[in-house]
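Undergrad: Got upload28.cif for you, mmCIF, C-alpha atoms and all ligand atoms:
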data_structure
loop_
_atom_site.label_atom_id
_atom_site.label_comp_id
_atom_site.auth_asym_id
_atom_site.auth_seq_id
_atom_site.Cartn_x
_atom_site.Cartn_y
_atom_site.Cartn_z
CA MET A 1 -65.12 -66.51 -51.92
CA LYS A 2 -68.25 -65.41 -53.81
CA GLY A 3 -70.15 -62.32 -52.68
CA MET A 4 -73.15 -64.22 -51.34
CA ASP A 5 -70.86 -66.56 -49.37
CA VAL A 6 -69.26 -63.55 -47.73
CA LEU A 7 -72.72 -62.34 -46.68
CA GLU A 8 -73.57 -65.75 -45.26
CA LYS A 9 -70.31 -65.75 -43.35
CA ALA A 10 -71.05 -62.33 -41.84
CA VAL A 11 -74.61 -63.31 -40.92
CA ALA A 12 -73.24 -66.44 -39.22
CA GLY A 13 -71.16 -64.14 -37.02
CA GLU A 14 -67.78 -64.98 -38.55
CA ARG A 15 -65.14 -62.29 -38.90
CA LEU A 16 -64.56 -60.99 -42.43
CA SER A 17 -61.08 -60.50 -43.85
CA GLU A 18 -59.99 -57.22 -45.45
CA ALA A 19 -60.52 -58.66 -48.95
CA GLU A 20 -63.99 -59.87 -47.96
CA VAL A 21 -65.03 -56.50 -46.56
CA LEU A 22 -63.74 -54.82 -49.71
CA SER A 23 -65.75 -57.25 -51.86
CA LEU A 24 -68.97 -56.23 -50.09
CA PHE A 25 -68.87 -52.82 -51.79
CA ASP A 26 -69.47 -54.57 -55.17
CA LEU A 27 -72.65 -56.33 -54.04
CA PRO A 28 -76.15 -55.10 -54.87
CA LEU A 29 -77.67 -52.87 -52.19
CA PRO A 30 -80.75 -55.06 -51.42
CA GLU A 31 -78.60 -58.12 -50.62
CA LEU A 32 -76.30 -56.08 -48.42
CA ALA A 33 -79.28 -54.51 -46.66
CA ALA A 34 -80.91 -57.89 -45.98
CA ALA A 35 -77.72 -59.31 -44.45
CA ALA A 36 -76.97 -56.16 -42.41
CA HIS A 37 -80.54 -56.07 -41.08
CA GLU A 38 -80.37 -59.75 -40.15
CA VAL A 39 -77.20 -59.15 -38.15
CA ARG A 40 -78.80 -56.11 -36.49
CA LEU A 41 -81.85 -58.18 -35.50
CA LYS A 42 -79.62 -60.81 -33.93
CA LYS A 43 -77.45 -58.36 -31.99
CA THR A 44 -80.03 -55.93 -30.60
CA ASP A 45 -83.69 -56.02 -29.58
CA PRO A 46 -85.40 -56.60 -32.95
CA GLU A 47 -88.48 -54.57 -32.10
CA VAL A 48 -86.80 -51.56 -30.58
CA VAL A 49 -85.08 -48.47 -31.96
CA THR A 50 -83.39 -46.31 -29.36
CA PHE A 51 -82.78 -42.56 -29.13
CA LEU A 52 -81.17 -40.12 -26.72
CA ILE A 53 -82.34 -36.74 -25.40
CA ASP A 54 -79.30 -34.52 -25.38
CA ARG A 55 -77.95 -31.15 -26.41
CA ASN A 56 -74.93 -30.17 -28.44
CA ILE A 57 -73.02 -27.19 -27.10
CA ASN A 58 -70.26 -25.64 -29.18
CA TYR A 59 -68.37 -23.62 -26.56
CA THR A 60 -66.09 -21.78 -29.00
CA ASN A 61 -65.87 -21.42 -32.77
CA VAL A 62 -62.32 -20.06 -32.66
CA CYS A 63 -60.03 -22.62 -34.25
CA THR A 64 -56.50 -22.68 -35.61
CA VAL A 65 -56.77 -25.98 -37.48
CA ALA A 66 -58.74 -24.48 -40.40
CA CYS A 67 -60.10 -27.67 -42.00
CA ALA A 68 -61.24 -26.98 -45.56
CA PHE A 69 -64.47 -28.93 -44.95
CA CYS A 70 -65.49 -26.84 -41.94
CA ALA A 71 -67.78 -23.81 -42.17
CA PHE A 72 -68.11 -23.52 -38.41
CA TYR A 73 -64.70 -22.25 -37.35
CA ARG A 74 -63.54 -18.61 -37.19
CA THR A 75 -60.18 -16.99 -36.61
CA LYS A 76 -60.05 -15.05 -33.36
CA ARG A 77 -60.17 -11.71 -35.22
CA GLN A 78 -63.37 -12.41 -37.15
CA LYS A 79 -66.39 -10.45 -35.98
CA ASP A 80 -68.53 -13.48 -35.26
CA ALA A 81 -65.83 -15.39 -33.37
CA TYR A 82 -67.12 -16.40 -29.94
CA THR A 83 -66.32 -18.25 -26.74
CA LEU A 84 -69.30 -18.89 -24.49
CA SER A 85 -69.13 -17.89 -20.84
CA TYR A 86 -69.77 -20.53 -18.16
CA GLU A 87 -73.12 -18.83 -17.47
CA GLU A 88 -74.15 -19.00 -21.12
CA ILE A 89 -73.30 -22.70 -21.19
CA ALA A 90 -75.28 -23.25 -17.97
CA ARG A 91 -78.33 -21.56 -19.54
CA LYS A 92 -78.15 -24.05 -22.40
CA VAL A 93 -77.99 -26.92 -19.91
CA GLU A 94 -81.07 -25.53 -18.13
CA GLU A 95 -82.99 -25.70 -21.41
CA LEU A 96 -81.92 -29.32 -21.83
CA TYR A 97 -83.23 -30.10 -18.33
CA GLN A 98 -86.57 -28.53 -19.26
CA VAL A 99 -87.05 -31.15 -21.99
CA GLY A 100 -85.92 -34.01 -19.76
CA GLY A 101 -82.35 -34.44 -21.04
CA ARG A 102 -79.33 -35.02 -18.82
CA ARG A 103 -76.49 -35.24 -21.34
CA ILE A 104 -74.50 -32.65 -23.22
CA LEU A 105 -72.15 -33.24 -26.10
CA MET A 106 -69.80 -30.29 -25.89
CA GLN A 107 -67.22 -29.59 -28.55
CA GLY A 108 -65.49 -26.59 -30.02
CA GLY A 109 -62.59 -25.41 -32.10
CA VAL A 110 -58.94 -25.65 -31.09
CA ASN A 111 -58.71 -22.29 -29.36
CA PRO A 112 -55.21 -21.56 -27.99
CA GLU A 113 -56.60 -18.67 -25.91
CA LEU A 114 -58.27 -21.17 -23.58
CA PRO A 115 -55.84 -22.72 -21.06
CA LEU A 116 -56.39 -26.18 -19.58
CA VAL A 117 -57.70 -24.63 -16.37
CA TRP A 118 -60.57 -23.03 -18.34
CA TYR A 119 -61.78 -26.54 -19.28
CA LEU A 120 -61.27 -27.92 -15.78
CA ASP A 121 -63.12 -25.04 -14.15
CA LEU A 122 -65.93 -25.33 -16.69
CA LEU A 123 -66.42 -29.02 -15.93
CA ARG A 124 -66.35 -28.40 -12.16
CA TYR A 125 -68.77 -25.48 -12.51
CA LEU A 126 -71.25 -27.54 -14.56
CA LYS A 127 -71.04 -30.58 -12.27
CA SER A 128 -71.57 -28.43 -9.17
CA ARG A 129 -74.64 -26.78 -10.69
CA PHE A 130 -76.00 -29.92 -12.34
CA PRO A 131 -74.80 -32.96 -10.36
CA ASP A 132 -76.68 -35.47 -12.52
CA LEU A 133 -75.52 -33.96 -15.81
CA ARG A 134 -73.50 -36.24 -18.04
CA ILE A 135 -70.75 -34.44 -19.95
CA ASP A 136 -69.33 -36.05 -23.06
CA ALA A 137 -67.00 -33.46 -24.44
CA PHE A 138 -63.99 -32.53 -26.55
CA SER A 139 -62.66 -34.40 -29.54
CA PRO A 140 -59.22 -35.97 -29.95
CA GLU A 141 -58.35 -32.84 -31.96
CA GLU A 142 -59.08 -30.60 -28.96
CA ILE A 143 -57.07 -32.88 -26.69
CA LEU A 144 -54.16 -32.74 -29.17
CA GLY A 145 -54.46 -28.93 -29.06
CA LEU A 146 -54.21 -29.08 -25.26
CA GLU A 147 -51.16 -31.35 -25.52
CA ARG A 148 -49.44 -28.72 -27.67
CA LEU A 149 -50.53 -25.92 -25.38
CA THR A 150 -49.52 -27.53 -22.08
CA GLY A 151 -46.72 -29.91 -23.02
CA LEU A 152 -48.62 -32.64 -21.15
CA ARG A 153 -49.51 -36.00 -22.68
CA ALA A 154 -53.12 -36.91 -23.48
CA GLU A 155 -53.22 -39.42 -20.59
CA ALA A 156 -52.45 -36.69 -18.04
CA ILE A 157 -54.84 -34.18 -19.62
CA LEU A 158 -57.68 -36.68 -19.79
CA GLU A 159 -57.08 -37.76 -16.22
CA LYS A 160 -57.42 -34.17 -15.03
CA LEU A 161 -60.52 -33.63 -17.17
CA LYS A 162 -62.06 -36.83 -15.80
CA GLU A 163 -61.36 -35.76 -12.24
CA ALA A 164 -63.06 -32.44 -12.98
CA GLY A 165 -66.20 -34.19 -14.29
CA LEU A 166 -65.67 -35.40 -17.85
CA ASP A 167 -67.67 -38.56 -18.61
CA GLY A 168 -66.66 -39.23 -22.18
CA LEU A 169 -64.86 -38.22 -25.30
CA PRO A 170 -67.08 -38.24 -28.39
CA GLY A 171 -65.41 -39.64 -31.47
CA ALA A 172 -65.53 -36.59 -33.69
CA GLY A 173 -62.61 -35.86 -35.97
CA ALA A 174 -62.30 -39.40 -37.32
CA GLU A 175 -63.72 -38.72 -40.78
CA ILE A 176 -61.69 -41.28 -42.79
CA LEU A 177 -58.75 -42.55 -40.73
CA VAL A 178 -56.36 -42.83 -43.66
CA ASP A 179 -53.73 -40.09 -43.75
CA GLU A 180 -53.68 -39.64 -47.54
CA VAL A 181 -57.39 -38.77 -47.44
CA ARG A 182 -56.96 -36.52 -44.40
CA LEU A 183 -54.00 -34.61 -45.82
CA LYS A 184 -55.93 -33.64 -48.93
CA ALA A 185 -58.99 -32.41 -47.04
CA ALA A 186 -57.29 -30.72 -44.10
CA PRO A 187 -53.48 -30.71 -43.93
CA ALA A 188 -53.36 -29.57 -40.29
CA ARG A 189 -56.03 -32.04 -39.14
CA ILE A 190 -55.16 -34.61 -36.46
CA ARG A 191 -53.45 -37.62 -38.05
CA THR A 192 -54.73 -41.19 -37.82
CA ALA A 193 -52.13 -42.39 -35.29
CA ASP A 194 -52.82 -39.46 -32.94
CA TRP A 195 -56.58 -39.99 -33.18
CA TYR A 196 -56.18 -43.62 -32.11
CA ARG A 197 -53.59 -42.76 -29.45
CA ILE A 198 -55.91 -40.25 -27.77
CA VAL A 199 -59.03 -42.42 -28.07
CA ASP A 200 -57.06 -45.32 -26.60
CA ALA A 201 -56.01 -43.15 -23.66
CA ALA A 202 -59.65 -42.20 -23.08
CA GLN A 203 -60.79 -45.81 -23.24
CA ALA A 204 -58.03 -46.85 -20.83
CA LEU A 205 -59.43 -44.32 -18.34
CA GLY A 206 -62.93 -45.77 -18.64
CA LEU A 207 -64.31 -42.79 -20.55
CA TYR A 208 -67.18 -43.17 -23.02
CA THR A 209 -66.16 -43.04 -26.70
CA LEU A 210 -68.00 -43.26 -30.00
CA ALA A 211 -66.60 -44.55 -33.32
CA THR A 212 -67.44 -42.25 -36.22
CA MET A 213 -66.96 -42.11 -39.96
CA VAL A 214 -67.64 -39.43 -42.55
CA ILE A 215 -67.76 -40.38 -46.24
CA GLY A 216 -67.57 -38.16 -49.30
CA PHE A 217 -63.96 -36.87 -49.41
CA GLY A 218 -63.36 -38.76 -52.67
CA GLU A 219 -62.16 -41.86 -50.83
CA GLY A 220 -63.02 -45.22 -52.35
CA PRO A 221 -63.96 -48.66 -50.97
CA LYS A 222 -60.31 -49.36 -50.16
CA GLU A 223 -60.00 -46.39 -47.79
CA ARG A 224 -63.45 -47.01 -46.32
CA THR A 225 -62.46 -50.61 -45.63
CA ALA A 226 -59.20 -49.48 -44.00
CA HIS A 227 -61.17 -47.08 -41.79
CA LEU A 228 -63.62 -49.77 -40.68
CA LEU A 229 -60.93 -52.35 -40.00
CA GLY A 230 -58.92 -49.80 -38.00
CA LEU A 231 -61.95 -49.18 -35.79
CA ARG A 232 -62.55 -52.91 -35.43
CA ALA A 233 -58.95 -53.47 -34.33
CA GLN A 234 -59.18 -50.64 -31.78
CA GLN A 235 -62.45 -52.06 -30.48
CA ASP A 236 -60.80 -55.49 -30.00
CA ARG A 237 -57.91 -53.89 -28.18
CA ALA A 238 -60.05 -51.66 -25.94
CA LEU A 239 -62.45 -54.45 -24.99
CA GLU A 240 -59.63 -56.85 -24.22
CA ARG A 241 -57.42 -54.44 -22.29
CA TYR A 242 -59.86 -52.05 -20.65
CA GLU A 243 -63.27 -53.74 -21.02
CA ASN A 244 -64.33 -50.36 -22.34
CA GLY A 245 -64.74 -50.09 -26.09
CA PHE A 246 -66.66 -47.69 -28.34
CA ALA A 247 -70.31 -47.44 -27.31
CA ALA A 248 -71.49 -47.39 -30.94
CA PHE A 249 -70.69 -46.57 -34.53
CA ALA A 250 -72.03 -43.45 -36.27
CA LEU A 251 -71.71 -42.68 -39.97
CA TRP A 252 -72.61 -39.53 -41.83
CA THR A 253 -71.94 -37.88 -45.17
CA LEU A 254 -69.62 -34.93 -45.77
CA GLN A 255 -71.42 -31.61 -46.17
CA VAL A 256 -69.50 -29.20 -48.39
CA GLU A 257 -72.09 -26.64 -49.49
CA HIS A 258 -70.67 -23.68 -47.54
CA THR A 259 -67.07 -24.86 -47.28
CA ARG A 260 -63.81 -24.48 -49.20
CA LEU A 261 -64.16 -28.10 -50.33
CA LYS A 262 -67.19 -27.22 -52.47
CA GLY A 263 -66.47 -28.44 -56.00
CA LYS A 264 -63.37 -30.30 -54.78
CA ALA A 265 -64.89 -33.16 -52.79
CA PRO A 266 -67.81 -35.15 -54.20
CA GLY A 267 -69.77 -35.72 -50.98
CA ALA A 268 -71.81 -38.93 -50.86
CA THR A 269 -75.28 -39.91 -52.01
CA ALA A 270 -77.95 -41.56 -49.87
CA HIS A 271 -77.25 -44.77 -51.80
CA GLU A 272 -73.57 -44.66 -50.83
CA TYR A 273 -74.47 -43.83 -47.24
CA LEU A 274 -76.81 -46.83 -46.96
CA LYS A 275 -74.32 -49.15 -48.64
CA THR A 276 -71.47 -48.06 -46.38
CA LEU A 277 -73.69 -48.39 -43.32
CA ALA A 278 -74.64 -51.96 -44.30
CA VAL A 279 -70.98 -52.84 -44.96
CA ALA A 280 -70.04 -51.35 -41.58
CA ARG A 281 -72.67 -53.49 -39.80
CA LEU A 282 -71.21 -56.60 -41.46
CA ALA A 283 -67.55 -55.65 -40.94
CA LEU A 284 -67.73 -54.36 -37.36
CA ASP A 285 -68.60 -57.65 -35.70
CA ASN A 286 -67.52 -56.33 -32.29
CA PHE A 287 -70.01 -53.41 -32.21
CA ALA A 288 -73.62 -53.80 -31.09
CA HIS A 289 -75.07 -50.37 -31.87
CA PHE A 290 -75.18 -48.37 -35.09
CA GLN A 291 -76.71 -44.91 -35.37
CA ALA A 292 -78.84 -43.63 -38.24
CA SER A 293 -77.96 -40.05 -39.19
CA TRP A 294 -80.89 -37.67 -39.71
CA PRO A 295 -78.91 -34.36 -39.60
CA THR A 296 -77.03 -35.02 -42.85
CA LEU A 297 -79.57 -36.86 -45.00
CA GLY A 298 -82.90 -36.14 -43.36
CA PHE A 299 -85.47 -38.21 -41.50
CA LYS A 300 -86.53 -40.36 -44.46
CA VAL A 301 -83.05 -41.71 -45.20
CA ALA A 302 -82.54 -42.19 -41.45
CA GLN A 303 -85.72 -44.29 -41.39
CA ALA A 304 -84.39 -46.36 -44.31
CA ALA A 305 -81.10 -46.78 -42.41
CA LEU A 306 -83.05 -48.76 -39.80
CA TYR A 307 -83.24 -51.52 -42.44
CA TYR A 308 -79.54 -51.24 -43.38
CA GLY A 309 -77.99 -52.13 -40.06
CA ALA A 310 -78.86 -49.20 -37.77
CA ASP A 311 -80.72 -49.80 -34.50
CA ASP A 312 -80.62 -46.26 -33.12
CA PHE A 313 -82.06 -42.92 -34.26
CA GLY A 314 -79.35 -40.75 -32.73
CA SER A 315 -80.32 -37.88 -30.47
CA THR A 316 -82.35 -34.70 -30.26
CA MET A 317 -79.17 -32.56 -30.29
CA LEU A 318 -81.25 -29.40 -29.63
CA GLU A 319 -78.57 -27.26 -31.23
CA GLU A 320 -76.29 -28.77 -33.83
CA ASN A 321 -74.04 -26.11 -35.37
CA VAL A 322 -71.15 -27.84 -37.09
CA VAL A 323 -72.81 -30.08 -39.71
CA SER A 324 -75.55 -27.52 -40.34
CA ALA A 325 -73.00 -24.72 -40.96
CA ALA A 326 -71.40 -26.83 -43.69
CA GLY A 327 -74.71 -27.63 -45.40
CA GLY A 328 -76.51 -30.48 -43.69
CA HIS A 329 -80.19 -31.11 -44.23
CA GLY A 330 -81.29 -27.77 -42.89
CA ARG A 331 -82.00 -29.31 -39.49
CA THR A 332 -80.14 -28.49 -36.31
CA HIS A 333 -82.23 -30.50 -33.87
CA ALA A 334 -85.17 -32.85 -33.52
CA THR A 335 -87.93 -32.94 -30.92
CA VAL A 336 -88.73 -36.12 -29.00
CA ARG A 337 -92.08 -36.20 -30.78
CA GLN A 338 -90.40 -36.08 -34.21
CA ILE A 339 -88.02 -38.86 -33.31
CA VAL A 340 -90.77 -41.02 -31.80
CA ARG A 341 -92.98 -40.40 -34.86
CA HIS A 342 -90.27 -41.46 -37.30
CA ILE A 343 -89.35 -44.57 -35.30
CA VAL A 344 -92.99 -45.67 -35.05
CA ASP A 345 -93.59 -44.83 -38.69
CA ALA A 346 -90.65 -47.06 -39.67
CA GLY A 347 -92.21 -49.99 -37.81
CA PHE A 348 -90.31 -50.03 -34.49
CA LYS A 349 -90.92 -49.38 -30.82
CA PRO A 350 -89.09 -46.27 -29.54
CA ALA A 351 -86.96 -46.48 -26.40
CA GLU A 352 -85.15 -43.63 -24.71
CA ARG A 353 -81.56 -44.60 -23.83
CA ASP A 354 -78.53 -43.09 -22.16
CA PRO A 355 -75.20 -42.60 -24.02
CA LEU A 356 -74.13 -46.11 -22.99
CA TYR A 357 -77.20 -47.57 -24.66
CA ARG A 358 -78.93 -48.53 -21.43
CA ILE A 359 -82.69 -48.25 -21.86
CA LEU A 360 -84.17 -45.53 -19.62
CA ARG A 361 -87.82 -45.88 -20.58
CA TYR A 362 -90.23 -46.81 -23.31
CA PRO A 363 -92.13 -43.60 -24.01
CA ASP A 364 -95.89 -43.81 -24.52
CA ALA A 365 -95.74 -43.23 -28.27
CA GLU A 366 -99.52 -43.10 -28.63
CA ALA A 367 -99.84 -40.35 -26.03
CA ILE A 368 -96.91 -38.38 -27.47
CA LEU A 369 -98.25 -38.60 -31.00
CA SER A 370 -101.78 -37.62 -29.98
CA GLU A 371 -100.42 -34.26 -28.79
CA PRO A 372 -99.72 -31.51 -31.34
CA GLU A 373 -96.08 -30.79 -32.15
CA PRO A 374 -94.96 -28.36 -29.44
CA VAL A 375 -94.19 -24.82 -30.53
CA GLU A 376 -90.42 -24.54 -30.55
CA LEU A 377 -89.04 -21.77 -28.37
CA PRO A 378 -85.90 -19.89 -29.34
CA LEU A 379 -82.90 -21.43 -27.60
CA ALA A 380 -80.36 -19.61 -25.46
S1 LIG B 401 -63.56 -29.30 -37.99
FE1 LIG B 401 -62.94 -28.80 -35.87
S2 LIG B 401 -60.72 -28.71 -35.99
FE2 LIG B 401 -61.44 -28.50 -38.10
S3 LIG B 401 -61.65 -26.27 -38.42
FE3 LIG B 401 -63.65 -27.03 -37.75
S4 LIG B 401 -63.66 -26.68 -35.56
FE4 LIG B 401 -61.50 -26.61 -36.22
#
Output the structure of this file as structure tokens.
Ligand code: SF4

TA:
Amino acid sequence: MKGMDVLEKAVAGERLSEAEVLSLFDLPLPELAAAAHEVRLKKTDPEVVTFLIDRNINYTNVCTVACAFCAFYRTKRQKDAYTLSYEEIARKVEELYQVGGRRILMQGGVNPELPLVWYLDLLRYLKSRFPDLRIDAFSPEEILGLERLTGLRAEAILEKLKEAGLDGLPGAGAEILVDEVRLKAAPARIRTADWYRIVDAAQALGLYTLATMVIGFGEGPKERTAHLLGLRAQQDRALERYENGFAAFALWTLQVEHTRLKGKAPGATAHEYLKTLAVARLALDNFAHFQASWPTLGFKVAQAALYYGADDFGSTMLEENVVSAAGGHGRTHATVRQIVRHIVDAGFKPAERDPLYRILRYPDAEAILSEPEPVELPLA
């Protein structure tokens, strides 16, 4: 089938085969963008771009996995190794409440010093202090670490975490779900089958999950296609069996500036990012929402992404430490005003959402933009 026919097929809502998805990577960017945007307009409110007010909290930087692409982790003996106390975490949540947010995305290293009860007590403590707080926390890698530590299976661990107050398991740690790519970048990193096994267990329990992808390890279209089709198959399975699939798809580029992969992995250009995003929108026919990534490529590329298949501007984050430690775009958070300004500037109507993409409100963009940018206070 010719390239343009494949685009027509995707726009018509038909499922693309592996060979067809692979062929999309050879098409010119403007054609891909037009088709991806058309699909986006059909699947989500064409006028609206959503965003979330939330805060990232990295509860510990101690990690034994030692991924070569990570500049965030420390060994427990390093001077700047830390584990936050429950009180320190609560202070960060208070700051989130002050800006109107009710969701934290809490992740950390795989720290064998922290027993399962530490996580359970933390969740109970936070839910008792902040009953309306939504906690999406821990990656499949952290759950795998807890499996090794406790001898329990992911299902049992996640069930206990859910009982203690966990609402969701963010999809970090996916990168490219092809083991040859993973082994080169981080030999001890969670393998593809374990990532899917743990995400599947979370979805079976009704927990929120997010499908993610990081490009720039030196993988080519073949591996990117395999990653996308793996996510599509898991989404089919989760929707059919549990009626609870991934809430959205998020793509970003590998940051290697301050990592051991510098000079060894190519990273990815804005052009590659936009192309892969458009291909993802066309390949993942069972996903409604696609995030634009401002932390890795900046606000301008994120605005462009809104015409390459994305319908969401991500979240405020308030304190992103992992991507920014590796390089990033020098930005660890965004204010609501910045997000609203960039959505309006790109030609859309901003809507605040929750992690499940339910619209909470349409902020008065005119009023927000008529105010000066608030002075940013140092965070706890
Ligand atoms: S990416 Fe995660 S698992 Fe890998 S070293 Fe960093 S904190 Fe540890």

Undergrad: At what distance in Å, to one decimal, does atom CA of A:Val340 lie from atom CA of A:Leu369?

TA: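 Atom CA of A:Val340 lies 7.9 Å from atom CA of A:Leu369.
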
Undergrad: Name the closest residue to A:Thr192 among the candidates A:Leu254, A:Lys162, A:Leu152, A:Gly230; distances are taken between atoms, counting all atoms listed in the file.

TA: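 Result for the nearest residue to A:Thr192: A:Gly230.
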
Undergrad: Of the candidates A:Leu41, A:Ile143, A:Ala278, A:Leu32, which one gets nearest to ligand LIG 401 (chain B) if we count all atoms listed in the file?

TA: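 Going through A:Leu41, A:Ile143, A:Ala278, A:Leu32 one by one, the smallest distance to ligand LIG 401 (chain B) is for A:Ile143.
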
Undergrad: Need to verify the contact set: A:Leu16, 12 Å, only C-alpha atoms, exclusion of same-chain residues closer than 6 positions in sequence. Can you return it as number ranges by chain?

TA: A: 1, 3, 5-10, 22-24, 225, 228-229, 232, 279-286

Undergrad: Any idea what the distance is between atom CA of A:Cys63 and atom CA of A:Ala188?

TA: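 Atom-to-atom, atom CA of A:Cys63 to atom CA of A:Ala188, that is 11.4 Å.
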
Undergrad: From the list A:Ile89, A:Ala204, A:Leu144, A:Ala351, which residue is nearest A:Arg191 when using only C-alpha atoms?

TA: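 Looking at the shortest contact to A:Arg191, the residue is A:Leu144.
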
Undergrad: Which residues sit within 6 Å of ligand LIG 401 (chain B), counting all atoms listed in the file, listed as a compact mmCIF listing (two decimals) with C-alpha atoms, in the coordinates of the input?

TA:
# COMPACT_ATOMS: atom_id res chain seq x y z
CA CYS A 63 -60.03 -22.62 -34.25
CA VAL A 65 -56.77 -25.98 -37.48
CA ALA A 66 -58.74 -24.48 -40.40
CA CYS A 67 -60.10 -27.67 -42.00
CA CYS A 70 -65.49 -26.84 -41.94
CA PHE A 72 -68.11 -23.52 -38.41
CA TYR A 73 -64.70 -22.25 -37.35
CA GLY A 108 -65.49 -26.59 -30.02
CA GLY A 109 -62.59 -25.41 -32.10
CA VAL A 110 -58.94 -25.65 -31.09

Undergrad: With distances taken over only C-alpha atoms, which of A:Arg40, A:Met4, A:Ala248, A:Glu18 is nearest to A:Glu223?

TA: A:Glu18

Undergrad: Using atom CA of A:Glu142 and atom CA of A:Glu272 as the two end points, give the distance in Å to one decimal.

TA: 29.8 Å

Undergrad: Step by step: start from the point (-70.3, -28.4, -12.0) in the file's coordinates, keep every protein, DNA or RNA residue that has an atom no farther than 12 Å from it, count all atoms listed in the file, and write the set as a PyMOL selection string.

TA: chain A and resi 86-87+89-90+93+119-135+163-166

Undergrad: Go ahead and write the residues just picked, C-alpha atoms, as a JSON list (two decimals), in the frame of the given file.

TA:
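The result, written out as selection-v5.json:
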[["chain", "number", "residue", "atom", "x", "y", "z"],
["A", 86, "TYR", "CA", -69.77, -20.53, -18.16],
["A", 87, "GLU", "CA", -73.12, -18.83, -17.47],
["A", 89, "ILE", "CA", -73.30, -22.70, -21.19],
["A", 90, "ALA", "CA", -75.28, -23.25, -17.97],
["A", 93, "VAL", "CA", -77.99, -26.92, -19.91],
["A", 119, "TYR", "CA", -61.78, -26.54, -19.28],
["A", 120, "LEU", "CA", -61.27, -27.92, -15.78],
["A", 121, "ASP", "CA", -63.12, -25.04, -14.15],
["A", 122, "LEU", "CA", -65.93, -25.33, -16.69],
["A", 123, "LEU", "CA", -66.42, -29.02, -15.93],
["A", 124, "ARG", "CA", -66.35, -28.40, -12.16],
["A", 125, "TYR", "CA", -68.77, -25.48, -12.51],
["A", 126, "LEU", "CA", -71.25, -27.54, -14.56],
["A", 127, "LYS", "CA", -71.04, -30.58, -12.27],
["A", 128, "SER", "CA", -71.57, -28.43, -9.17],
["A", 129, "ARG", "CA", -74.64, -26.78, -10.69],
["A", 130, "PHE", "CA", -76.00, -29.92, -12.34],
["A", 131, "PRO", "CA", -74.80, -32.96, -10.36],
["A", 132, "ASP", "CA", -76.68, -35.47, -12.52],
["A", 133, "LEU", "CA", -75.52, -33.96, -15.81],
["A", 134, "ARG", "CA", -73.50, -36.24, -18.04],
["A", 135, "ILE", "CA", -70.75, -34.44, -19.95],
["A", 163, "GLU", "CA", -61.36, -35.76, -12.24],
["A", 164, "ALA", "CA", -63.06, -32.44, -12.98],
["A", 165, "GLY", "CA", -66.20, -34.19, -14.29],
["A", 166, "LEU", "CA", -65.67, -35.40, -17.85]]

Undergrad: When you count only C-alpha atoms, which of these residues is closest to A:Ala305: A:Ala211, A:Leu169, A:Val49, A:Ala12?

TA: A:Val49

Undergrad: What's around A:Pro363 at 12 Å? Count all atoms listed in the file, leave out sequence neighbours fewer than 4 positions away in its own chain, and write the answer as a list in words.

TA: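 Neighbouring residues, sequence-local ones excluded: Val48, Val49, Thr50, Phe51, Leu52, Val336, Arg337, Ile339, Val340, Arg341, Ile343, Val344, Lys349, Pro350, Ala351, Glu352, Arg353, Ile359, Ala367, Ile368 and Leu369 of chain A.
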
Undergrad: How would the residues just picked look written out with C-alpha atoms as a PDB file, in the coordinates of the input?

TA:
ATOM      1  CA  VAL A  48     -86.800 -51.560 -30.580  1.00  0.00           C
ATOM      2  CA  VAL A  49     -85.080 -48.470 -31.960  1.00  0.00           C
ATOM      3  CA  THR A  50     -83.390 -46.310 -29.360  1.00  0.00           C
ATOM      4  CA  PHE A  51     -82.780 -42.560 -29.130  1.00  0.00           C
ATOM      5  CA  LEU A  52     -81.170 -40.120 -26.720  1.00  0.00           C
ATOM      6  CA  VAL A 336     -88.730 -36.120 -29.000  1.00  0.00           C
ATOM      7  CA  ARG A 337     -92.080 -36.200 -30.780  1.00  0.00           C
ATOM      8  CA  ILE A 339     -88.020 -38.860 -33.310  1.00  0.00           C
ATOM      9  CA  VAL A 340     -90.770 -41.020 -31.800  1.00  0.00           C
ATOM     10  CA  ARG A 341     -92.980 -40.400 -34.860  1.00  0.00           C
ATOM     11  CA  ILE A 343     -89.350 -44.570 -35.300  1.00  0.00           C
ATOM     12  CA  VAL A 344     -92.990 -45.670 -35.050  1.00  0.00           C
ATOM     13  CA  LYS A 349     -90.920 -49.380 -30.820  1.00  0.00           C
ATOM     14  CA  PRO A 350     -89.090 -46.270 -29.540  1.00  0.00           C
ATOM     15  CA  ALA A 351     -86.960 -46.480 -26.400  1.00  0.00           C
ATOM     16  CA  GLU A 352     -85.150 -43.630 -24.710  1.00  0.00           C
ATOM     17  CA  ARG A 353     -81.560 -44.600 -23.830  1.00  0.00           C
ATOM     18  CA  ILE A 359     -82.690 -48.250 -21.860  1.00  0.00           C
ATOM     19  CA  ALA A 367     -99.840 -40.350 -26.030  1.00  0.00           C
ATOM     20  CA  ILE A 368     -96.910 -38.380 -27.470  1.00  0.00           C
ATOM     21  CA  LEU A 369     -98.250 -38.600 -31.000  1.00  0.00           C
TER      22      LEU A 369
END
